[in-house]
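Visitor: So here's final.cif, just mmCIF, C-alpha atoms:
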data_final
loop_
_atom_site.group_PDB
_atom_site.id
_atom_site.type_symbol
_atom_site.label_atom_id
_atom_site.label_comp_id
_atom_site.auth_asym_id
_atom_site.auth_seq_id
_atom_site.Cartn_x
_atom_site.Cartn_y
_atom_site.Cartn_z
ATOM 1 C CA GLY A 268 -21.356 -80.213 -27.528
ATOM 2 C CA MET A 269 -18.671 -81.249 -25.055
ATOM 3 C CA ASP A 270 -18.667 -82.241 -21.439
ATOM 4 C CA TYR A 271 -16.173 -80.989 -18.867
ATOM 5 C CA PRO A 272 -14.052 -84.187 -18.771
ATOM 6 C CA THR A 273 -13.605 -83.929 -22.564
ATOM 7 C CA LEU A 274 -12.674 -80.271 -22.218
ATOM 8 C CA ALA A 275 -10.188 -81.133 -19.463
ATOM 9 C CA GLU A 276 -8.610 -83.787 -21.701
ATOM 10 C CA TRP A 277 -8.312 -81.228 -24.489
ATOM 11 C CA CYS A 278 -6.501 -78.822 -22.116
ATOM 12 C CA ALA A 279 -4.225 -81.648 -20.965
ATOM 13 C CA LEU A 280 -3.379 -82.568 -24.571
ATOM 14 C CA GLU A 281 -2.394 -78.923 -25.112
ATOM 15 C CA GLY A 282 0.163 -79.256 -22.317
ATOM 16 C CA PHE A 283 -1.734 -77.974 -19.286
ATOM 17 C CA ALA A 284 -2.090 -79.967 -16.073
ATOM 18 C CA THR A 285 -5.854 -79.699 -15.612
ATOM 19 C CA VAL A 286 -8.149 -80.166 -12.636
ATOM 20 C CA ILE A 287 -11.941 -80.252 -12.770
ATOM 21 C CA PHE A 288 -14.205 -80.772 -9.786
ATOM 22 C CA ASN A 289 -17.834 -80.535 -8.703
ATOM 23 C CA PHE A 290 -18.786 -77.628 -6.461
ATOM 24 C CA ARG A 291 -20.728 -78.494 -3.315
ATOM 25 C CA GLY A 292 -24.312 -79.442 -4.037
ATOM 26 C CA THR A 293 -23.481 -80.616 -7.582
ATOM 27 C CA GLY A 294 -22.558 -83.926 -9.172
ATOM 28 C CA GLN A 295 -20.774 -86.308 -6.836
ATOM 29 C CA SER A 296 -19.959 -83.613 -4.287
ATOM 30 C CA GLY A 297 -21.771 -83.515 -0.982
ATOM 31 C CA GLY A 298 -23.150 -80.435 0.714
ATOM 32 C CA ASN A 299 -25.614 -77.709 -0.180
ATOM 33 C CA PHE A 300 -25.422 -74.911 -2.716
ATOM 34 C CA HIS A 301 -24.443 -71.490 -1.450
ATOM 35 C CA GLN A 302 -22.337 -69.016 -3.348
ATOM 36 C CA LEU A 303 -19.549 -68.387 -0.843
ATOM 37 C CA GLY A 304 -19.404 -72.146 -0.339
ATOM 38 C CA TRP A 305 -18.422 -72.435 -3.998
ATOM 39 C CA ALA A 306 -15.685 -69.846 -3.408
ATOM 40 C CA GLN A 307 -14.429 -71.889 -0.428
ATOM 41 C CA ASP A 308 -14.399 -75.011 -2.611
ATOM 42 C CA LEU A 309 -12.321 -73.362 -5.337
ATOM 43 C CA ASP A 310 -10.016 -71.861 -2.718
ATOM 44 C CA ALA A 311 -9.459 -75.353 -1.277
ATOM 45 C CA VAL A 312 -8.654 -76.746 -4.735
ATOM 46 C CA VAL A 313 -6.047 -74.014 -5.327
ATOM 47 C CA SER A 314 -4.454 -74.730 -1.937
ATOM 48 C CA TRP A 315 -4.404 -78.458 -2.743
ATOM 49 C CA LEU A 316 -2.730 -77.737 -6.106
ATOM 50 C CA GLN A 317 -0.128 -75.543 -4.408
ATOM 51 C CA GLY A 318 0.997 -78.598 -2.460
ATOM 52 C CA LYS A 319 1.517 -80.774 -5.542
ATOM 53 C CA THR A 320 5.164 -81.068 -6.570
ATOM 54 C CA GLU A 321 4.284 -81.840 -10.202
ATOM 55 C CA ILE A 322 2.436 -78.521 -10.559
ATOM 56 C CA ASP A 323 4.171 -75.229 -11.306
ATOM 57 C CA SER A 324 2.678 -73.277 -8.412
ATOM 58 C CA THR A 325 3.547 -69.954 -10.065
ATOM 59 C CA ARG A 326 1.244 -70.662 -13.015
ATOM 60 C CA ILE A 327 -2.095 -71.733 -11.606
ATOM 61 C CA VAL A 328 -4.856 -70.308 -13.780
ATOM 62 C CA LEU A 329 -8.554 -70.295 -12.934
ATOM 63 C CA PHE A 330 -11.110 -70.965 -15.606
ATOM 64 C CA GLY A 331 -14.798 -70.488 -14.836
ATOM 65 C CA SER A 332 -18.098 -70.013 -16.595
ATOM 66 C CA SER A 333 -21.262 -68.275 -15.439
ATOM 67 C CA LEU A 334 -21.509 -68.379 -11.612
ATOM 68 C CA GLY A 335 -18.291 -70.411 -11.675
ATOM 69 C CA ALA A 336 -16.616 -67.436 -13.356
ATOM 70 C CA ALA A 337 -17.919 -65.068 -10.667
ATOM 71 C CA VAL A 338 -16.486 -67.426 -8.053
ATOM 72 C CA ALA A 339 -13.141 -67.591 -9.906
ATOM 73 C CA ILE A 340 -12.935 -63.774 -9.984
ATOM 74 C CA TYR A 341 -13.565 -63.640 -6.231
ATOM 75 C CA VAL A 342 -10.916 -66.275 -5.470
ATOM 76 C CA ALA A 343 -8.319 -64.729 -7.816
ATOM 77 C CA ALA A 344 -8.921 -61.339 -6.188
ATOM 78 C CA HIS A 345 -8.241 -62.838 -2.758
ATOM 79 C CA ARG A 346 -5.250 -65.009 -3.677
ATOM 80 C CA GLN A 347 -2.054 -63.595 -5.105
ATOM 81 C CA ASP A 348 -0.856 -67.131 -5.869
ATOM 82 C CA VAL A 349 -3.340 -67.379 -8.760
ATOM 83 C CA ALA A 350 -1.422 -66.444 -11.936
ATOM 84 C CA GLY A 351 -4.289 -65.650 -14.277
ATOM 85 C CA LEU A 352 -7.968 -66.041 -15.000
ATOM 86 C CA VAL A 353 -10.344 -66.866 -17.834
ATOM 87 C CA SER A 354 -13.914 -65.744 -17.191
ATOM 88 C CA PHE A 355 -16.678 -66.899 -19.522
ATOM 89 C CA ALA A 356 -20.203 -65.437 -19.290
ATOM 90 C CA SER A 357 -19.785 -64.033 -15.806
ATOM 91 C CA PRO A 358 -22.510 -61.783 -14.433
ATOM 92 C CA ALA A 359 -21.138 -58.372 -13.402
ATOM 93 C CA ILE A 360 -23.468 -57.487 -10.539
ATOM 94 C CA MET A 361 -25.166 -59.978 -8.262
ATOM 95 C CA ASN A 362 -27.899 -58.643 -6.049
ATOM 96 C CA SER A 363 -29.562 -60.232 -3.087
ATOM 97 C CA ARG A 364 -32.166 -62.660 -4.327
ATOM 98 C CA ALA A 365 -35.525 -60.925 -4.126
ATOM 99 C CA GLU A 366 -37.362 -64.040 -2.935
ATOM 100 C CA PRO A 367 -34.785 -66.287 -1.310
ATOM 101 C CA ALA A 368 -37.391 -68.733 -0.007
ATOM 102 C CA LYS A 369 -38.560 -69.425 -3.563
ATOM 103 C CA ALA A 370 -34.985 -69.708 -4.814
ATOM 104 C CA VAL A 371 -34.124 -72.223 -2.095
ATOM 105 C CA GLU A 372 -37.254 -74.211 -2.897
ATOM 106 C CA ARG A 373 -36.302 -74.325 -6.571
ATOM 107 C CA MET A 374 -32.806 -75.484 -5.662
ATOM 108 C CA ARG A 375 -34.239 -78.237 -3.493
ATOM 109 C CA GLU A 376 -36.156 -79.421 -6.539
ATOM 110 C CA MET A 377 -32.962 -79.250 -8.619
ATOM 111 C CA GLY A 378 -31.215 -81.314 -5.963
ATOM 112 C CA ILE A 379 -28.429 -78.840 -5.186
ATOM 113 C CA ILE A 380 -29.768 -78.033 -1.719
ATOM 114 C CA ARG A 381 -30.140 -81.391 0.011
ATOM 115 C CA ASP A 382 -30.443 -80.873 3.740
ATOM 116 C CA ARG A 383 -33.812 -79.962 5.231
ATOM 117 C CA ASP A 384 -32.314 -77.545 7.772
ATOM 118 C CA PHE A 385 -30.236 -75.686 5.184
ATOM 119 C CA PRO A 386 -29.726 -72.758 4.983
ATOM 120 C CA PRO A 387 -29.703 -71.807 8.670
ATOM 121 C CA SER A 388 -30.398 -68.178 7.679
ATOM 122 C CA LEU A 389 -32.255 -67.265 4.471
ATOM 123 C CA ASP A 390 -31.051 -63.652 4.719
ATOM 124 C CA GLU A 391 -27.393 -64.608 4.965
ATOM 125 C CA TRP A 392 -27.771 -67.185 2.199
ATOM 126 C CA ALA A 393 -29.266 -64.515 -0.071
ATOM 127 C CA ARG A 394 -26.635 -61.912 0.826
ATOM 128 C CA GLU A 395 -23.730 -64.078 -0.351
ATOM 129 C CA GLY A 396 -24.334 -62.983 -3.937
ATOM 130 C CA GLU A 397 -23.762 -59.364 -2.998
ATOM 131 C CA ILE A 398 -20.511 -60.238 -1.250
ATOM 132 C CA LEU A 399 -19.339 -62.232 -4.284
ATOM 133 C CA SER A 400 -20.444 -59.639 -6.873
ATOM 134 C CA PRO A 401 -17.703 -59.667 -9.563
ATOM 135 C CA VAL A 402 -17.807 -55.941 -10.246
ATOM 136 C CA GLU A 403 -16.514 -55.431 -6.672
ATOM 137 C CA TRP A 404 -13.509 -57.725 -7.121
ATOM 138 C CA ILE A 405 -12.456 -57.756 -10.792
ATOM 139 C CA ALA A 406 -10.014 -54.834 -10.387
ATOM 140 C CA ASP A 407 -8.049 -56.856 -7.809
ATOM 141 C CA VAL A 408 -7.101 -59.459 -10.424
ATOM 142 C CA ALA A 409 -4.738 -56.899 -12.034
ATOM 143 C CA PRO A 410 -1.945 -56.898 -13.050
ATOM 144 C CA ARG A 411 -2.335 -60.626 -13.688
ATOM 145 C CA PRO A 412 -3.564 -61.745 -17.125
ATOM 146 C CA LEU A 413 -7.368 -61.729 -17.368
ATOM 147 C CA LEU A 414 -9.434 -62.885 -20.319
ATOM 148 C CA ILE A 415 -13.116 -61.961 -20.317
ATOM 149 C CA LEU A 416 -15.069 -64.050 -22.829
ATOM 150 C CA HIS A 417 -18.747 -63.597 -23.618
ATOM 151 C CA GLY A 418 -20.995 -64.925 -26.366
ATOM 152 C CA ASP A 419 -23.168 -62.409 -28.195
ATOM 153 C CA ALA A 420 -25.961 -65.026 -28.288
ATOM 154 C CA ASP A 421 -25.974 -65.453 -24.500
ATOM 155 C CA ASP A 422 -29.624 -65.373 -23.393
ATOM 156 C CA THR A 423 -28.851 -65.764 -19.667
ATOM 157 C CA VAL A 424 -26.251 -63.094 -18.909
ATOM 158 C CA ASN A 425 -26.315 -59.866 -20.907
ATOM 159 C CA THR A 426 -23.245 -58.947 -22.987
ATOM 160 C CA ASP A 427 -23.236 -55.588 -21.155
ATOM 161 C CA ASP A 428 -21.998 -57.497 -18.113
ATOM 162 C CA ALA A 429 -18.778 -58.393 -19.942
ATOM 163 C CA ARG A 430 -18.243 -54.761 -20.887
ATOM 164 C CA ILE A 431 -18.884 -53.561 -17.320
ATOM 165 C CA LEU A 432 -16.351 -56.065 -15.986
ATOM 166 C CA PHE A 433 -13.818 -55.142 -18.649
ATOM 167 C CA GLU A 434 -14.153 -51.424 -17.840
ATOM 168 C CA ARG A 435 -13.687 -52.072 -14.135
ATOM 169 C CA ALA A 436 -10.746 -54.456 -14.624
ATOM 170 C CA GLY A 437 -7.139 -53.234 -14.457
ATOM 171 C CA GLU A 438 -3.915 -53.876 -16.306
ATOM 172 C CA GLY A 439 -3.545 -57.224 -18.097
ATOM 173 C CA LYS A 440 -7.167 -57.420 -19.259
ATOM 174 C CA GLU A 441 -8.532 -58.615 -22.578
ATOM 175 C CA LEU A 442 -12.138 -58.848 -23.780
ATOM 176 C CA GLN A 443 -13.342 -61.128 -26.559
ATOM 177 C CA MET A 444 -16.948 -61.137 -27.708
ATOM 178 C CA LEU A 445 -17.775 -64.381 -29.494
ATOM 179 C CA VAL A 446 -20.174 -64.251 -32.423
ATOM 180 C CA GLY A 447 -23.049 -66.721 -32.261
ATOM 181 C CA VAL A 448 -21.871 -68.200 -28.964
ATOM 182 C CA GLY A 449 -24.387 -68.902 -26.182
ATOM 183 C CA HIS A 450 -24.220 -69.251 -22.408
ATOM 184 C CA ARG A 451 -23.248 -72.893 -21.887
ATOM 185 C CA PHE A 452 -19.490 -73.008 -22.063
ATOM 186 C CA ARG A 453 -19.086 -76.743 -22.439
ATOM 187 C CA GLN A 454 -21.149 -76.639 -25.633
ATOM 188 C CA GLU A 455 -19.029 -73.913 -27.177
ATOM 189 C CA ARG A 456 -15.885 -75.177 -28.880
ATOM 190 C CA THR A 457 -15.054 -71.669 -30.138
ATOM 191 C CA ALA A 458 -14.847 -70.299 -26.604
ATOM 192 C CA ALA A 459 -12.685 -73.207 -25.427
ATOM 193 C CA ALA A 460 -10.317 -72.825 -28.388
ATOM 194 C CA MET A 461 -9.965 -69.076 -27.751
ATOM 195 C CA ALA A 462 -9.273 -69.651 -24.073
ATOM 196 C CA LEU A 463 -6.563 -72.197 -24.875
ATOM 197 C CA GLU A 464 -4.887 -69.878 -27.396
ATOM 198 C CA TRP A 465 -4.912 -67.061 -24.852
ATOM 199 C CA LEU A 466 -3.492 -69.352 -22.156
ATOM 200 C CA LYS A 467 -0.633 -70.403 -24.418
ATOM 201 C CA GLU A 468 0.200 -66.802 -25.313
ATOM 202 C CA ASN A 469 -0.062 -65.424 -21.795
ATOM 203 C CA LEU A 470 0.967 -68.187 -19.434
ATOM 204 C CA LEU A 471 2.713 -71.085 -21.127
ATOM 205 C CA TYR A 472 5.910 -69.192 -21.824
ATOM 206 C CA LEU A 473 6.304 -67.073 -18.701
ATOM 207 C CA ASP A 474 9.922 -66.700 -17.596
#
Would it be possible to restate this file's structure as structure tokens?
Guide:
Amino acid sequence: GMDYPTLAEWCALEGFATVIFNFRGTGQSGGNFHQLGWAQDLDAVVSWLQGKTEIDSTRIVLFGSSLGAAVAIYVAAHRQDVAGLVSFASPAIMNSRAEPAKAVERMREMGIIRDRDFPPSLDEWAREGEILSPVEWIADVAPRPLLILHGDADDTVNTDDARILFERAGEGKELQMLVGVGHRFRQERTAAAMALEWLKENLLYLD
């Protein structure tokens, strides 16, 4: 296994300026988990990067796994200043949570919803998944380079989701199914290595 800092160091050693961060409600970040909140967080990070003189602002690539991949698809679709995207184990379709009250309770127990009075509206909190649903946005990433990665041993998100996203995606897309690879990206060296190879081929040597 690997953790994200180790993965970030690996990317940096391969020549990529690399930023990792905790979404709201996780790790050292404050706030409460909600899906569009994660999209706002990633959006803010991209804007912050755009202001850094040491970063080539024409080659900012998003890299997400699972819900983080869904969020990356949404942000790339809404921002033309994102140059490319690697999505690992993204769900294709996100429905409203059937029992949002139970979901919120579970997230309180997990510690990713912290404030007693959050969310102000259960309905709106639940509906954010529908708004974010990757199948609605993936086509808008084109014609920028898009790599869809999925492990065939993923027991959380079905491999069909990768195929649905690939079908819906436009020009510049590539799909790689990884044999024996599961859902947790940071534990999958194969997936990380593939992503880095793809990045080098598609984005390192842009004119």
Visitor: Starting from the point (-26.1, -70.4, 3.6), work out which residues of protein, DNA or RNA have an atom no more than 12 Å away when counting all atoms listed in the file; state them as number ranges by chain.
Guide: A: 291-292, 298-305, 367-368, 371, 380, 382, 384-396
Visitor: Please evaluate the PyMOL selection byres ((chain A and resi 281) around 12) against the displayed coordinates and give the resulting residues as a PyMOL selection string.
Guide: chain A and resi 274-280+282-285+459-460+462-464+466-467+471
Visitor: Give me the residues within 12 Å of A:Leu470 as an MDAnalysis selection string, counting all atoms listed in the file and dropping any in the same chain fewer than 6 places off.
Guide: chainID A and resid 282:283 323 325:329 349:353 411:414 439 462:464
Visitor: Please list as a compact mmCIF listing (two decimals) with C-alpha atoms, in the coordinates of the input every residue within 12 Å of A:Gln295, counting only C-alpha atoms and excluding residues in the same chain fewer than 5 positions away.
Guide:
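This is the output file result19.txt:
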# COMPACT_ATOMS: atom_id res chain seq x y z
CA PHE A 288 -14.20 -80.77 -9.79
CA ASN A 289 -17.83 -80.54 -8.70
CA PHE A 290 -18.79 -77.63 -6.46
CA GLY A 378 -31.22 -81.31 -5.96
CA ILE A 379 -28.43 -78.84 -5.19
Visitor: Check the smallest atom-to-atom distance from each of A:Asn362, A:Gln317, A:Thr293, A:Ser400 to A:Ala337 using all atoms listed in the file, then report the winner.
Guide: A:Ser400
Visitor: Work out how far atom CA of A:Arg346 is from atom CA of A:Ala311, in Å to one decimal.
Guide: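 It comes out at 11.4 Å.
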Visitor: I need the residue nearest A:Asp308 from this list: A:Gly335, A:Pro358, A:Gly449, A:Gly437. Use all atoms listed in the file for the distance.
Guide: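 Smallest separation from A:Asp308 among the options: A:Gly335.
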Visitor: Taking the file as I've supplied it (selection: the PyMOL selection byres ((chain A and resi 421) around 9)), which residues are included? Please answer as a list of chain:residue names.
Guide: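 Selected by the PyMOL selection byres ((chain A and resi 421) around 9) here: A:Ala356, A:His417, A:Gly418, A:Asp419, A:Ala420, A:Asp422, A:Thr423, A:Val424, A:Asn425, A:Thr426, A:Gly447, A:Val448, A:Gly449, A:His450, A:Arg451.
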Visitor: May I ask for the distance between atom CA of A:Met269 and atom CA of A:Phe452, given in Å to one decimal place?
Guide: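 Those two atoms sit 8.8 Å apart.
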Visitor: Pick the closest to A:Arg435 from A:Glu372, A:Glu455, A:Asp270, A:Glu403: which is it, counting only C-alpha atoms?
Guide: A:Glu403
Visitor: For this structure, which residues satisfy the selection - the PyMOL selection byres ((chain A and resi 443) around 10) - when it is evaluated on the file as given? I want them as a list in words.
Guide: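 So the PyMOL selection byres ((chain A and resi 443) around 10), applied here, picks out Phe355, Leu414, Ile415, Leu416, His417, Gly418, Ala429, Arg430, Phe433, Glu441, Leu442, Met444, Leu445, Val446, Ala458, Met461 and Ala462 of chain A.
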Visitor: For atom CA of A:Glu366 and atom CA of A:Leu399, determine how far apart the two atoms are, in Å to one decimal place.
Guide: 18.2 Å
Visitor: As a list of chain:residue names, please: the residues near A:Asp310 (cut-off 9 Å, only C-alpha atoms, same-chain neighbours under 4 positions excluded).
Guide: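 Here the answer would be A:Trp305, A:Ala306, A:Ser314, A:Trp315, A:Ala339, A:Val342, A:Ala343, A:Arg346.
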Visitor: Which one is closest to A:Val402: A:Met377, A:Ile340, A:Ile360, A:Ala370? Count only C-alpha atoms.
Guide: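 Going through A:Met377, A:Ile340, A:Ile360, A:Ala370 one by one, the smallest distance to A:Val402 is for A:Ile360.
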Visitor: Using all atoms of stretch 346-364 of chain A that appear in the file, construct an axis-aligned enclosing box with 5 Å of padding on every side and provide its centre coordinates and edge lengths in Å, rounded to one decimal, as lines of an AutoDock Vina configuration file.
Guide:
center_x = -16.5
center_y = -62.4
center_z = -11.3
size_x = 41.3
size_y = 19.9
size_z = 26.4
